[in-house]
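Pasted below: structure09.csv, CSV, C-alpha atoms and all ligand atoms.
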```
chain,number,residue,atom,x,y,z
A,1,MET,CA,-25.6,-1.6,-3.1
A,2,THR,CA,-24.4,-5.2,-3.0
A,3,LEU,CA,-23.2,-6.9,0.2
A,4,LEU,CA,-19.9,-8.8,-0.2
A,5,ASP,CA,-20.8,-12.0,1.6
A,6,GLY,CA,-17.6,-13.4,3.0
A,7,LYS,CA,-19.3,-15.9,5.2
A,8,THR,CA,-20.9,-17.8,2.3
A,9,LEU,CA,-17.8,-17.7,0.1
A,10,SER,CA,-15.6,-18.8,3.1
A,11,ASN,CA,-17.9,-21.8,3.7
A,12,ALA,CA,-17.8,-22.8,0.0
A,13,ILE,CA,-14.0,-22.6,0.0
A,14,GLN,CA,-13.8,-24.7,3.2
A,15,ASP,CA,-16.0,-27.3,1.5
A,16,GLU,CA,-13.6,-27.4,-1.5
A,17,ILE,CA,-10.7,-27.8,0.9
A,18,LYS,CA,-12.4,-30.7,2.6
A,19,LYS,CA,-12.7,-32.5,-0.8
A,20,GLU,CA,-9.0,-31.9,-1.3
A,21,THR,CA,-8.0,-33.2,2.1
A,22,ASP,CA,-10.2,-36.3,1.5
A,23,GLU,CA,-8.2,-36.9,-1.6
A,24,PHE,CA,-5.0,-36.4,0.3
A,25,ARG,CA,-6.0,-39.0,2.8
A,26,LYS,CA,-6.3,-41.6,0.1
A,27,GLN,CA,-2.6,-40.9,-0.6
A,28,ASN,CA,-1.8,-41.1,3.1
A,29,ILE,CA,-1.1,-37.4,3.3
A,30,THR,CA,-2.5,-35.2,6.1
A,31,ALA,CA,-2.0,-31.5,6.1
A,32,GLY,CA,-1.1,-30.2,9.6
A,33,LEU,CA,-1.2,-26.8,11.2
A,34,ALA,CA,0.5,-25.8,14.5
A,35,VAL,CA,-0.9,-22.8,16.3
A,36,ILE,CA,1.0,-21.1,19.1
A,37,LEU,CA,-1.1,-18.9,21.5
A,38,VAL,CA,0.7,-17.0,24.2
A,39,GLY,CA,-1.3,-15.3,27.0
A,40,ASP,CA,-5.0,-14.9,27.6
A,41,ASP,CA,-6.1,-12.1,25.3
A,42,SER,CA,-9.7,-12.9,24.7
A,43,ALA,CA,-9.8,-11.8,21.0
A,44,SER,CA,-6.8,-13.9,20.3
A,45,GLN,CA,-8.4,-16.9,22.1
A,46,SER,CA,-11.5,-16.6,20.1
A,47,TYR,CA,-9.6,-16.2,16.7
A,48,VAL,CA,-7.6,-19.3,17.6
A,49,LYS,CA,-10.7,-21.3,18.5
A,50,MET,CA,-12.2,-20.4,15.1
A,51,LYS,CA,-9.0,-21.4,13.3
A,52,GLU,CA,-9.0,-24.8,15.1
A,53,LYS,CA,-12.7,-25.4,14.4
A,54,ALA,CA,-12.2,-24.6,10.7
A,55,CYS,CA,-9.2,-27.0,10.5
A,56,GLU,CA,-11.3,-29.8,12.0
A,57,ARG,CA,-14.1,-29.2,9.6
A,58,ALA,CA,-11.8,-29.0,6.6
A,59,GLY,CA,-9.9,-32.2,7.5
A,60,ILE,CA,-6.7,-30.5,8.5
A,61,TYR,CA,-4.8,-31.8,11.5
A,62,SER,CA,-4.2,-29.0,14.0
A,63,ILE,CA,-2.3,-28.8,17.3
A,64,LEU,CA,-2.5,-25.9,19.7
A,65,HIS,CA,0.5,-24.9,21.9
A,66,LYS,CA,-1.0,-22.7,24.6
A,67,MET,CA,1.5,-20.9,26.7
A,68,PRO,CA,1.1,-18.5,29.7
A,69,SER,CA,2.0,-14.8,29.1
A,70,SER,CA,5.0,-15.2,31.5
A,71,ILE,CA,6.6,-17.7,29.1
A,72,SER,CA,10.2,-16.9,28.0
A,73,GLU,CA,11.1,-16.0,24.5
A,74,ASP,CA,13.5,-19.0,24.4
A,75,LYS,CA,10.6,-21.5,25.2
A,76,ILE,CA,8.6,-20.1,22.3
A,77,LEU,CA,11.6,-20.4,20.0
A,78,GLU,CA,12.1,-23.9,21.2
A,79,THR,CA,8.5,-24.8,20.3
A,80,ILE,CA,8.9,-23.2,16.9
A,81,SER,CA,12.1,-25.2,16.3
A,82,MET,CA,10.3,-28.4,17.2
A,83,MET,CA,7.5,-27.5,14.8
A,84,ASN,CA,9.9,-26.6,12.0
A,85,GLN,CA,11.4,-30.1,12.3
A,86,ASN,CA,8.1,-31.9,12.8
A,87,SER,CA,7.2,-33.7,9.5
A,88,ASN,CA,3.5,-33.8,10.4
A,89,ILE,CA,3.3,-30.0,10.5
A,90,ASP,CA,3.0,-28.1,7.2
A,91,GLY,CA,2.1,-24.7,8.7
A,92,ILE,CA,3.1,-22.7,11.8
A,93,LEU,CA,1.1,-19.8,13.1
A,94,VAL,CA,2.0,-17.7,16.1
A,95,GLN,CA,-1.1,-15.7,17.1
A,96,LEU,CA,-0.3,-12.0,17.5
A,97,PRO,CA,0.1,-9.8,19.5
A,98,LEU,CA,2.7,-11.4,21.7
A,99,PRO,CA,3.4,-10.2,25.3
A,100,ARG,CA,5.7,-7.1,25.4
A,101,HIS,CA,8.8,-9.0,26.7
A,102,VAL,CA,8.8,-11.2,23.6
A,103,ASN,CA,10.6,-9.9,20.5
A,104,GLN,CA,8.0,-10.4,17.8
A,105,THR,CA,10.5,-10.1,14.9
A,106,LYS,CA,12.7,-12.8,16.4
A,107,ILE,CA,9.8,-15.1,16.7
A,108,ILE,CA,8.5,-14.6,13.2
A,109,GLU,CA,12.0,-15.0,11.7
A,110,ALA,CA,12.4,-18.3,13.6
A,111,ILE,CA,9.5,-19.9,11.6
A,112,ASP,CA,10.7,-21.9,8.6
A,113,SER,CA,9.6,-19.7,5.7
A,114,ALA,CA,8.2,-22.8,3.9
A,115,LYS,CA,5.8,-23.3,6.9
A,116,ASP,CA,5.0,-19.6,7.3
A,117,VAL,CA,1.3,-19.8,6.5
A,118,ASP,CA,0.7,-16.3,7.9
A,119,GLY,CA,3.1,-14.8,5.4
A,120,PHE,CA,4.8,-12.7,8.0
A,121,HIS,CA,8.4,-13.9,7.6
A,122,PRO,CA,10.6,-11.4,5.8
A,123,PHE,CA,11.3,-13.9,3.1
A,124,ASN,CA,7.6,-14.1,2.2
A,125,VAL,CA,7.1,-10.3,2.7
A,126,GLY,CA,9.9,-9.8,0.2
A,127,ARG,CA,8.5,-12.3,-2.3
A,128,LEU,CA,5.1,-10.5,-2.2
A,129,ALA,CA,6.8,-7.1,-2.6
A,130,ALA,CA,8.6,-8.4,-5.6
A,131,GLY,CA,5.5,-9.9,-7.1
A,132,LEU,CA,6.7,-13.5,-6.7
A,133,ASP,CA,4.8,-16.5,-5.4
A,134,GLY,CA,5.0,-17.2,-1.7
A,135,PHE,CA,2.8,-17.1,1.4
A,136,VAL,CA,0.6,-14.1,1.5
A,137,PRO,CA,-1.0,-12.8,4.8
A,138,CYS,CA,-4.5,-14.3,5.1
A,139,THR,CA,-6.6,-11.2,5.6
A,140,PRO,CA,-5.4,-9.2,2.6
A,141,LEU,CA,-5.4,-12.4,0.5
A,142,GLY,CA,-9.0,-13.0,1.6
A,143,VAL,CA,-9.9,-9.5,0.4
A,144,MET,CA,-8.5,-10.2,-3.0
A,145,ARG,CA,-10.4,-13.5,-3.2
A,146,LEU,CA,-13.7,-11.8,-2.2
A,147,LEU,CA,-13.2,-9.1,-4.9
A,148,GLU,CA,-12.4,-11.8,-7.5
A,149,HIS,CA,-15.5,-13.8,-6.5
A,150,TYR,CA,-17.7,-10.8,-7.1
A,151,LYS,CA,-15.8,-10.1,-10.4
A,152,ILE,CA,-14.5,-6.8,-9.2
A,153,GLY,CA,-11.4,-6.1,-11.2
A,154,VAL,CA,-9.0,-3.7,-9.5
A,155,LYS,CA,-6.8,-2.8,-12.5
A,156,GLY,CA,-6.6,1.0,-12.9
A,157,LEU,CA,-8.9,1.7,-9.9
A,158,ASN,CA,-7.9,4.3,-7.4
A,159,ALA,CA,-7.5,2.3,-4.2
A,160,CYS,CA,-7.1,3.8,-0.8
A,161,VAL,CA,-5.8,1.6,2.1
A,162,VAL,CA,-6.3,3.0,5.6
A,163,GLY,CA,-4.0,1.3,8.1
A,164,ALA,CA,-0.4,0.4,7.3
A,165,SER,CA,0.2,-2.6,9.6
A,166,ASN,CA,2.5,-5.5,8.6
A,167,ILE,CA,-0.4,-7.9,8.9
A,168,VAL,CA,-3.0,-6.1,6.9
A,169,GLY,CA,-2.2,-2.6,5.3
A,170,LYS,CA,1.2,-3.2,3.8
A,171,PRO,CA,0.5,-6.6,2.2
A,172,MET,CA,-2.9,-5.2,1.0
A,173,MET,CA,-1.0,-2.4,-0.7
A,174,ASN,CA,1.4,-4.8,-2.4
A,175,LEU,CA,-1.4,-7.1,-3.6
A,176,LEU,CA,-3.3,-4.2,-5.1
A,177,LEU,CA,-0.2,-2.8,-6.7
A,178,ASN,CA,0.7,-6.2,-8.1
A,179,ALA,CA,-2.9,-6.2,-9.6
A,180,PHE,CA,-2.3,-2.8,-11.1
A,181,ALA,CA,-4.5,-0.6,-8.9
A,182,THR,CA,-3.2,2.9,-8.1
A,183,VAL,CA,-2.6,2.7,-4.4
A,184,ASP,CA,-2.8,5.4,-1.7
A,185,ILE,CA,-1.9,4.2,1.8
A,186,CYS,CA,-2.9,6.1,4.9
A,187,HIS,CA,-2.0,5.8,8.5
A,188,ILE,CA,-2.3,7.6,11.9
A,189,TYR,CA,0.0,10.4,10.8
A,190,THR,CA,-1.8,11.0,7.5
A,191,LYS,CA,-3.0,14.6,7.3
A,192,ASN,CA,-6.6,15.1,6.2
A,193,LEU,CA,-7.6,11.4,5.9
A,194,ALA,CA,-10.9,12.4,4.1
A,195,SER,CA,-9.1,14.1,1.2
A,196,HIS,CA,-7.5,10.6,0.5
A,197,THR,CA,-10.5,8.4,1.1
A,198,LYS,CA,-12.9,10.6,-1.0
A,199,GLN,CA,-10.8,9.9,-4.1
A,200,ALA,CA,-11.1,6.1,-3.7
A,201,ASP,CA,-13.0,3.9,-6.1
A,202,LEU,CA,-11.9,1.1,-3.7
A,203,LEU,CA,-11.6,1.9,-0.1
A,204,ILE,CA,-10.1,-0.7,2.2
A,205,VAL,CA,-10.0,0.1,5.9
A,206,GLY,CA,-8.1,-1.9,8.6
A,207,ALA,CA,-7.3,0.7,11.2
A,208,GLY,CA,-9.1,-0.9,14.2
A,209,LYS,CA,-11.1,2.2,15.1
A,210,ALA,CA,-14.9,2.0,15.2
A,211,GLY,CA,-16.7,4.7,13.3
A,212,LEU,CA,-13.5,6.0,11.6
A,213,ILE,CA,-15.0,6.2,8.2
A,214,THR,CA,-18.1,8.3,7.9
A,215,LYS,CA,-20.3,8.9,4.9
A,216,GLU,CA,-18.7,12.3,4.1
A,217,MET,CA,-15.4,10.5,3.6
A,218,VAL,CA,-16.7,8.1,0.9
A,219,LYS,CA,-17.1,8.7,-2.8
A,220,ASP,CA,-20.5,7.9,-4.4
A,221,GLY,CA,-20.5,4.4,-5.8
A,222,ALA,CA,-17.3,3.3,-4.0
A,223,ILE,CA,-16.4,-0.3,-3.2
A,224,VAL,CA,-15.8,-0.4,0.6
A,225,ILE,CA,-14.0,-3.2,2.3
A,226,ASP,CA,-14.0,-3.1,6.1
A,227,ILE,CA,-11.3,-5.1,7.8
A,228,GLY,CA,-11.9,-3.7,11.3
A,229,ILE,CA,-13.3,-5.8,14.1
A,230,ASN,CA,-14.2,-3.7,17.2
A,231,ARG,CA,-16.3,-4.7,20.1
A,232,LEU,CA,-18.4,-1.9,21.5
A,233,GLU,CA,-19.2,-1.5,25.2
A,234,ASN,CA,-22.6,-2.9,24.6
A,235,GLY,CA,-21.0,-6.1,23.2
A,236,LYS,CA,-21.8,-5.4,19.5
A,237,LEU,CA,-19.2,-6.2,16.9
A,238,VAL,CA,-18.6,-3.4,14.4
A,239,GLY,CA,-16.0,-2.6,11.8
A,240,ASP,CA,-14.2,0.7,11.2
A,241,VAL,CA,-16.8,2.0,8.8
A,242,ASP,CA,-20.1,3.6,9.9
A,243,PHE,CA,-21.9,0.9,8.0
A,244,GLU,CA,-25.5,2.2,8.3
A,245,ASN,CA,-24.7,5.6,6.8
A,246,VAL,CA,-22.0,4.6,4.4
A,247,ALA,CA,-23.6,1.5,2.8
A,248,PRO,CA,-26.3,3.4,0.8
A,249,LYS,CA,-23.6,5.3,-1.0
A,250,CYS,CA,-21.6,2.2,-2.0
A,251,SER,CA,-21.7,-0.1,-5.1
A,252,PHE,CA,-20.3,-2.9,-2.9
A,253,ILE,CA,-19.6,-3.1,0.8
A,254,THR,CA,-18.5,-5.8,3.3
A,255,PRO,CA,-20.6,-6.4,6.5
A,256,VAL,CA,-19.0,-6.8,9.9
A,257,PRO,CA,-19.3,-9.6,11.0
A,258,GLY,CA,-19.6,-11.8,7.9
A,259,GLY,CA,-17.3,-10.0,5.5
A,260,VAL,CA,-13.6,-10.2,5.6
A,261,GLY,CA,-13.3,-12.1,8.9
A,262,PRO,CA,-14.4,-15.5,7.6
A,263,MET,CA,-12.2,-15.0,4.5
A,264,THR,CA,-9.2,-14.8,6.7
A,265,ILE,CA,-9.9,-18.2,8.1
A,266,ALA,CA,-10.5,-19.7,4.6
A,267,MET,CA,-7.2,-18.3,3.4
A,268,LEU,CA,-5.3,-19.8,6.4
A,269,LEU,CA,-6.6,-23.2,5.4
A,270,GLU,CA,-5.7,-22.6,1.8
A,271,ASN,CA,-2.2,-21.5,2.8
A,272,THR,CA,-1.8,-24.7,4.9
A,273,ILE,CA,-2.9,-26.8,2.0
A,274,LYS,CA,-0.5,-25.0,-0.3
A,275,ALA,CA,2.3,-25.7,2.2
A,276,ALA,CA,1.4,-29.4,2.4
A,277,LYS,CA,1.3,-29.6,-1.4
A,278,ASN,CA,4.7,-27.9,-1.7
A,279,ARG,CA,6.1,-30.4,0.8
A,280,ALA,CA,4.5,-33.5,-0.9
A,281,ARG,CA,6.1,-32.3,-4.2
B,301,LIG,N1,-3.5,-11.3,15.0
B,301,LIG,C1,-4.4,-10.6,14.3
B,301,LIG,N2,-4.5,-11.1,13.0
B,301,LIG,C2,-3.7,-12.1,12.9
B,301,LIG,C3,-3.4,-13.0,11.9
B,301,LIG,O1,-3.9,-13.0,10.8
B,301,LIG,N3,-2.4,-13.9,12.2
B,301,LIG,C4,-1.8,-14.0,13.4
B,301,LIG,N4,-0.9,-14.9,13.6
B,301,LIG,N5,-2.1,-13.2,14.4
B,301,LIG,C5,-3.0,-12.2,14.1
```
What does the file become when written as structure tokens?
Amino acid sequence: MTLLDGKTLSNAIQDEIKKETDEFRKQNITAGLAVILVGDDSASQSYVKMKEKACERAGIYSILHKMPSSISEDKILETISMMNQNSNIDGILVQLPLPRHVNQTKIIEAIDSAKDVDGFHPFNVGRLAAGLDGFVPCTPLGVMRLLEHYKIGVKGLNACVVGASNIVGKPMMNLLLNAFATVDICHIYTKNLASHTKQADLLIVGAGKAGLITKEMVKDGAIVIDIGINRLENGKLVGDVDFENVAPKCSFITPVPGGVGPMTIAMLLENTIKAAKNRAR
């Protein structure tokens, strides 16, 4: 069993990005990311903090717009409009989830698709579904980069994606399909989840439920990618896979933490650089 070490790869990617931003600076170009954080969800706060820190380290200018959960939808739309027009800003990220009174779709659709470094705008969602270049959501993109780094080709593999969210599961499905895997996608209404997961050469889980995948549900020699991040009552961070019992059966598996999470951050930086390059061109 080989551990897929996302932390080391993420650090290496961030170092590469730093070299690029150093080059940019010589040409008087600074890549900029605007982050909008609404409310005081502790997980969102800690993700945003990590994103800011990574920007700083990689030489990307970042600005945080922190808003109370009582903020109106119009105020958020106003901020997005400002960031769309701001020539120092290449990427705009609205941390999800948003408070219930805010229409998430409306917010996402307000972001200029050329600055949509999260890849959540329907324009970019459509481009990915059509196999065209665009912005791809950072977490599934990070999974593909991690697989590539370990020279794991997905062509012809039976892949099973557990979780069908717009942020993770659906773009993951499209990336795998574009890379010619055979994709089975499961969700909370899937009957007999194990009958699907057991067929998978590549099992990718992003359901947000600790302990969802047990060893009986995994094929011998499978590649297992755990996207879940769950905090247990004792404070421990775990994924969706029962790592201790599943890992011995796998050919490759991601740890939590230190697997997919750091890759998400690295891909956000890459998407921001991509946006800055597109603009400079
Ligand atoms: N909430 C959970 N994951 C993400 C992400 O990748 N981007 C944003 N904007 N919000 C999230």
Pairwise distance, atom CA of Glu78 of chain A with atom CA of Gly119 of chain A, equals 20.3 Å
Can you write out as a tab-separated table which residues of chain A fall within 6 Å of ligand LIG 301 (chain B), alongside each residue's closest atom pair and its distance in Å to one decimal, counting all atoms listed in the file and ordering rows by chain and ascending residue number?
```
residue	atom	partner	partner_atom	distance
A:Leu93	CA	B:LIG301	N4	5.3
A:Val94	CA	B:LIG301	N4	4.7
A:Gln95	CA	B:LIG301	N4	3.6
A:Leu96	CA	B:LIG301	N5	3.8
A:Pro97	CA	B:LIG301	N1	6.0
A:Asp118	CA	B:LIG301	N3	5.8
A:Cys138	CA	B:LIG301	O1	5.9
```
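Between atom CA of Asn192 of chain A and atom CA of Leu176 of chain A lies a distance of 22.6 Å.
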Nearest to His121 of chain A, restricted to all atoms listed in the file and choosing among A:Ser62, A:Asn174, A:Gln104, A:Thr21, comes out as A:Gln104
As a tab-separated table (two decimals) with C-alpha atoms, in the coordinates of the input, please: the residues near segment 124-129 of chain A (cut-off 9 Å, all atoms listed in the file, same-chain neighbours under 6 positions excluded).
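In the end it all went to result-v1.tsv:
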```
chain	number	residue	atom	x	y	z
A	113	SER	CA	9.60	-19.70	5.70
A	114	ALA	CA	8.20	-22.80	3.90
A	116	ASP	CA	5.00	-19.60	7.30
A	135	PHE	CA	2.80	-17.10	1.40
A	136	VAL	CA	0.60	-14.10	1.50
A	137	PRO	CA	-1.00	-12.80	4.80
A	166	ASN	CA	2.50	-5.50	8.60
A	171	PRO	CA	0.50	-6.60	2.20
A	174	ASN	CA	1.40	-4.80	-2.40
A	175	LEU	CA	-1.40	-7.10	-3.60
A	178	ASN	CA	0.70	-6.20	-8.10
```
TODO: Could you give me, as a PyMOL selection string, the residues within 8 Å of Asp240 of chain A, counting all atoms listed in the file and dropping anything in the same chain fewer than 3 positions from it?
DONE: chain A and resi 205-213+226-230
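The interatomic distance for the pair atom CA of His65 of chain A and atom CA of Val35 of chain A works out to 6.1 Å.
Between Lys219 of chain A and the candidates A:Gly39, A:Gly239, A:Pro248, A:Pro262, the tightest atom-to-atom separation, counting all atoms listed in the file, involves A:Pro248.
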Using all atoms listed in the file, which protein or nucleic acid residues come within 6 Å of Asp90 of chain A? Drop anything in the same chain fewer than 4 positions from it, and give the result as a PDB file with C-alpha atoms, in the frame of the given file.
```pdb
ATOM      1  CA  GLY A  32      -1.100 -30.200   9.600  1.00  0.00           C
ATOM      2  CA  LEU A  33      -1.200 -26.800  11.200  1.00  0.00           C
ATOM      3  CA  LYS A 115       5.800 -23.300   6.900  1.00  0.00           C
ATOM      4  CA  ALA A 275       2.300 -25.700   2.200  1.00  0.00           C
ATOM      5  CA  ALA A 276       1.400 -29.400   2.400  1.00  0.00           C
TER       6      ALA A 276
END
```
For this session: Fewer than 5 positions away in the same chain doesn't count, so skip those; otherwise give me all residues within 10 Å of Glu216 of chain A, counting all atoms listed in the file, as JSON, numbers by chain.
Result: {"A": [194, 197, 198, 245, 246, 249]}
message: Residues near Asp201 of chain A, anyone? I mean within 12 Å using all atoms listed in the file, not counting same-chain ones fewer than 2 positions away, as a PyMOL selection string.
response: chain A and resi 152-161+181-184+196-199+203-204+217-225+249-253
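Shortest atom-to-atom contact with Arg281 of chain A among A:Ile13, A:Ile29, A:Ala43, A:Gly91: A:Ile29, counting all atoms listed in the file.
Remark: for Cys55 of chain A, the closest of the candidate residues A:Ala280, A:Ile71, A:Leu269, A:Ala164 is A:Leu269 (distances computed over all atoms listed in the file).
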